[in-house]
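What follows is a set of notes on a single structure, which appears directly below.
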Amino acid sequence: METTLQVTAVDSVGPDTVALTFESPAEFEAEPGQFVKLSATVDGEEYARFYTLSSPDVEGTFEVTVGVSEDGGPFSRHLADLDVGDELGVSGPFGSDHYEGESRVVVLAGGPGV
């Protein structure tokens, strides 16, 4: 899936951390642990970064959580400054490793998300 979605909520969820919520398109299906690519033009430059879904499911809405440091890049600062109704390009979901109800899980992660 590749589409443009409106931000439906922007919530501060910790120091230098913001959660962005989007309405799930009808055809969007994803599992916990999969990720999406967010894209936008910031100051005339195209940016795209991958973020793991941070919502437990994608029924109705889905969420990504972004860490934003003082010396962070322009895209993460752009995401932190979004308002409800702003639009972003969204592609995905990607990734074949995801949680399927296992009783024990070890998760290692890295990247621009949280």
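How things are named: the first chain in the structure tokens is A, the next is B, and so on; residues count from 1 in each chain; ligands count from 1 in the order shown.
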So that I can check the surroundings of segment 14-24 of chain A, please list as a JSON list (two decimals) with N, CA and C atoms, in the first residue's frame every protein, DNA and RNA residue that reaches within 6 Å of it, counting only C-alpha atoms and ignoring chain neighbours fewer than 2 positions away.
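Output contents, as saved in around.json:
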```
[["chain", "number", "residue", "atom", "x", "y", "z"],
["A", 7, "VAL", "N", -2.90, 12.99, 9.65],
["A", 7, "VAL", "CA", -2.63, 12.74, 11.06],
["A", 7, "VAL", "C", -3.92, 12.98, 11.84],
["A", 8, "THR", "N", -4.33, 12.00, 12.66],
["A", 8, "THR", "CA", -5.56, 12.16, 13.44],
["A", 8, "THR", "C", -5.28, 12.52, 14.90],
["A", 9, "ALA", "N", -4.03, 12.32, 15.35],
["A", 9, "ALA", "CA", -3.66, 12.71, 16.72],
["A", 9, "ALA", "C", -2.15, 12.83, 16.79],
["A", 10, "VAL", "N", -1.70, 13.78, 17.60],
["A", 10, "VAL", "CA", -0.29, 13.96, 17.90],
["A", 10, "VAL", "C", -0.20, 14.08, 19.41],
["A", 11, "ASP", "N", 0.49, 13.13, 20.04],
["A", 11, "ASP", "CA", 0.55, 13.12, 21.50],
["A", 11, "ASP", "C", 1.99, 13.06, 21.97],
["A", 12, "SER", "N", 2.34, 13.92, 22.92],
["A", 12, "SER", "CA", 3.63, 13.84, 23.58],
["A", 12, "SER", "C", 3.54, 12.65, 24.54],
["A", 60, "GLY", "N", -9.01, 0.38, 12.86],
["A", 60, "GLY", "CA", -9.49, 1.76, 12.93],
["A", 60, "GLY", "C", -8.37, 2.78, 12.79],
["A", 61, "THR", "N", -7.35, 2.67, 13.63],
["A", 61, "THR", "CA", -6.21, 3.58, 13.57],
["A", 61, "THR", "C", -4.93, 2.80, 13.80],
["A", 62, "PHE", "N", -3.80, 3.44, 13.47],
["A", 62, "PHE", "CA", -2.51, 2.88, 13.85],
["A", 62, "PHE", "C", -1.60, 4.03, 14.26],
["A", 63, "GLU", "N", -0.55, 3.68, 15.00],
["A", 63, "GLU", "CA", 0.32, 4.68, 15.62],
["A", 63, "GLU", "C", 1.79, 4.34, 15.37],
["A", 64, "VAL", "N", 2.60, 5.37, 15.22],
["A", 64, "VAL", "CA", 4.05, 5.24, 15.25],
["A", 64, "VAL", "C", 4.56, 6.22, 16.30],
["A", 65, "THR", "N", 5.68, 5.88, 16.93],
["A", 65, "THR", "CA", 6.25, 6.72, 17.96],
["A", 65, "THR", "C", 7.64, 7.16, 17.52],
["A", 66, "VAL", "N", 7.91, 8.45, 17.64],
["A", 66, "VAL", "CA", 9.13, 9.04, 17.11],
["A", 66, "VAL", "C", 9.91, 9.73, 18.23],
["A", 67, "GLY", "N", 11.19, 9.39, 18.34],
["A", 67, "GLY", "CA", 12.09, 10.09, 19.25],
["A", 67, "GLY", "C", 12.69, 11.28, 18.53],
["A", 68, "VAL", "N", 12.71, 12.43, 19.21],
["A", 68, "VAL", "CA", 13.22, 13.66, 18.58],
["A", 68, "VAL", "C", 14.24, 14.28, 19.53]]
```
Inset, instruction - Find the residues around Gly92 of chain A up to 9 Å (only C-alpha atoms counted), leave out those fewer than 5 positions away in its own chain, and share them as JSON, numbers by chain. - result: {"A": [1, 2, 28, 30, 34, 35, 36, 37]}
Those selected residues, please, written with N, CA, C and O atoms and delivered as a CSV table (one decimal), in the first residue's frame.
```csv
chain,number,residue,atom,x,y,z
A,1,MET,N,0.8,-1.2,0.0
A,1,MET,CA,0.0,0.0,0.0
A,1,MET,C,0.9,1.2,0.0
A,1,MET,O,1.9,1.3,0.7
A,2,GLU,N,0.5,2.2,-0.8
A,2,GLU,CA,1.2,3.5,-0.8
A,2,GLU,C,0.1,4.5,-1.0
A,2,GLU,O,-0.7,4.5,-1.9
A,28,PHE,N,-5.6,-1.6,4.7
A,28,PHE,CA,-4.4,-1.7,5.5
A,28,PHE,C,-4.5,-2.8,6.5
A,28,PHE,O,-5.3,-2.8,7.4
A,30,ALA,N,-1.8,-5.0,9.1
A,30,ALA,CA,-0.5,-5.1,9.6
A,30,ALA,C,-0.5,-5.9,11.0
A,30,ALA,O,-1.5,-5.9,11.7
A,34,GLN,N,5.7,-5.1,12.6
A,34,GLN,CA,5.9,-4.6,11.2
A,34,GLN,C,6.1,-3.1,11.2
A,34,GLN,O,5.9,-2.4,12.2
A,35,PHE,N,6.5,-2.5,10.1
A,35,PHE,CA,6.8,-1.1,10.0
A,35,PHE,C,6.3,-0.5,8.7
A,35,PHE,O,6.0,-1.2,7.8
A,36,VAL,N,6.2,0.9,8.8
A,36,VAL,CA,5.8,1.6,7.6
A,36,VAL,C,6.8,2.6,7.3
A,36,VAL,O,7.7,3.0,8.1
A,37,LYS,N,6.8,3.1,6.0
A,37,LYS,CA,7.7,4.2,5.6
A,37,LYS,C,6.8,5.5,5.6
A,37,LYS,O,5.8,5.6,4.9
```
Inset, instruction - Go through A:Arg49, A:Gly33, A:Val84, A:Thr3 one by one, measure the shortest atom-to-atom distance of each to Gly101 of chain A using only C-alpha atoms, and give the residue with the smallest value. - result: A:Gly33
Would you please extract all helix (DSSP H, G or I) residues from segment 20-110 of chain A, as assigned by DSSP on the backbone, and give them as a compact mmCIF listing (two decimals) with C-alpha atoms, in the first residue's frame?
```
# COMPACT_ATOMS: atom_id res chain seq x y z
CA PRO A 74 14.97 17.74 10.00
CA PHE A 75 12.49 14.94 9.31
CA SER A 76 12.03 13.86 12.93
CA ARG A 77 11.64 17.52 13.95
CA HIS A 78 9.07 17.92 11.15
CA LEU A 79 7.12 14.91 12.46
CA ALA A 80 7.16 16.30 16.01
```
Inset, instruction - Please identify which residues in chain A DSSP calls strand (DSSP E) from the backbone, and express them as a ChimeraX atom specification. - result: /A:2-14,17-23,35-42,45-52,61-67,87-94
Go ahead and write the residues just picked, C-alpha atoms, as a tab-separated table (two decimals), in the first residue's frame.
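The resulting file, part_3.tsv, is reproduced below:
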```
chain	number	residue	atom	x	y	z
A	2	GLU	CA	1.19	3.49	-0.82
A	3	THR	CA	-1.02	6.43	0.04
A	4	THR	CA	-1.28	9.83	1.73
A	5	LEU	CA	-2.85	9.87	5.18
A	6	GLN	CA	-3.95	12.63	7.52
A	7	VAL	CA	-2.63	12.74	11.06
A	8	THR	CA	-5.56	12.16	13.44
A	9	ALA	CA	-3.66	12.71	16.72
A	10	VAL	CA	-0.29	13.96	17.90
A	11	ASP	CA	0.55	13.12	21.50
A	12	SER	CA	3.63	13.84	23.58
A	13	VAL	CA	4.39	10.47	25.22
A	14	GLY	CA	7.66	11.25	26.95
A	17	THR	CA	8.99	11.65	22.10
A	18	VAL	CA	5.81	12.01	20.08
A	19	ALA	CA	3.19	9.46	18.98
A	20	LEU	CA	1.48	10.05	15.62
A	21	THR	CA	-1.88	8.40	14.94
A	22	PHE	CA	-3.39	7.81	11.50
A	23	GLU	CA	-6.75	6.41	10.42
A	35	PHE	CA	6.84	-1.10	10.02
A	36	VAL	CA	5.78	1.63	7.62
A	37	LYS	CA	7.66	4.24	5.61
A	38	LEU	CA	6.66	7.84	6.28
A	39	SER	CA	7.58	10.47	3.70
A	40	ALA	CA	7.22	14.23	3.28
A	41	THR	CA	8.86	17.27	1.77
A	42	VAL	CA	10.65	19.42	4.36
A	45	GLU	CA	13.82	18.28	0.30
A	46	GLU	CA	12.20	14.84	0.11
A	47	TYR	CA	12.57	12.67	3.22
A	48	ALA	CA	11.46	9.11	3.95
A	49	ARG	CA	12.11	7.05	7.08
A	50	PHE	CA	10.88	3.72	8.43
A	51	TYR	CA	8.96	3.51	11.73
A	52	THR	CA	7.73	0.43	13.56
A	61	THR	CA	-6.21	3.58	13.57
A	62	PHE	CA	-2.51	2.88	13.85
A	63	GLU	CA	0.32	4.68	15.62
A	64	VAL	CA	4.05	5.24	15.25
A	65	THR	CA	6.25	6.72	17.96
A	66	VAL	CA	9.13	9.04	17.11
A	67	GLY	CA	12.09	10.09	19.25
A	87	GLU	CA	-0.71	14.81	5.65
A	88	LEU	CA	2.16	12.37	5.22
A	89	GLY	CA	3.00	9.80	2.60
A	90	VAL	CA	2.70	6.29	4.04
A	91	SER	CA	3.90	3.03	2.46
A	92	GLY	CA	3.78	-0.48	3.84
A	93	PRO	CA	3.52	-2.39	5.96
A	94	PHE	CA	6.94	-3.98	5.61
```
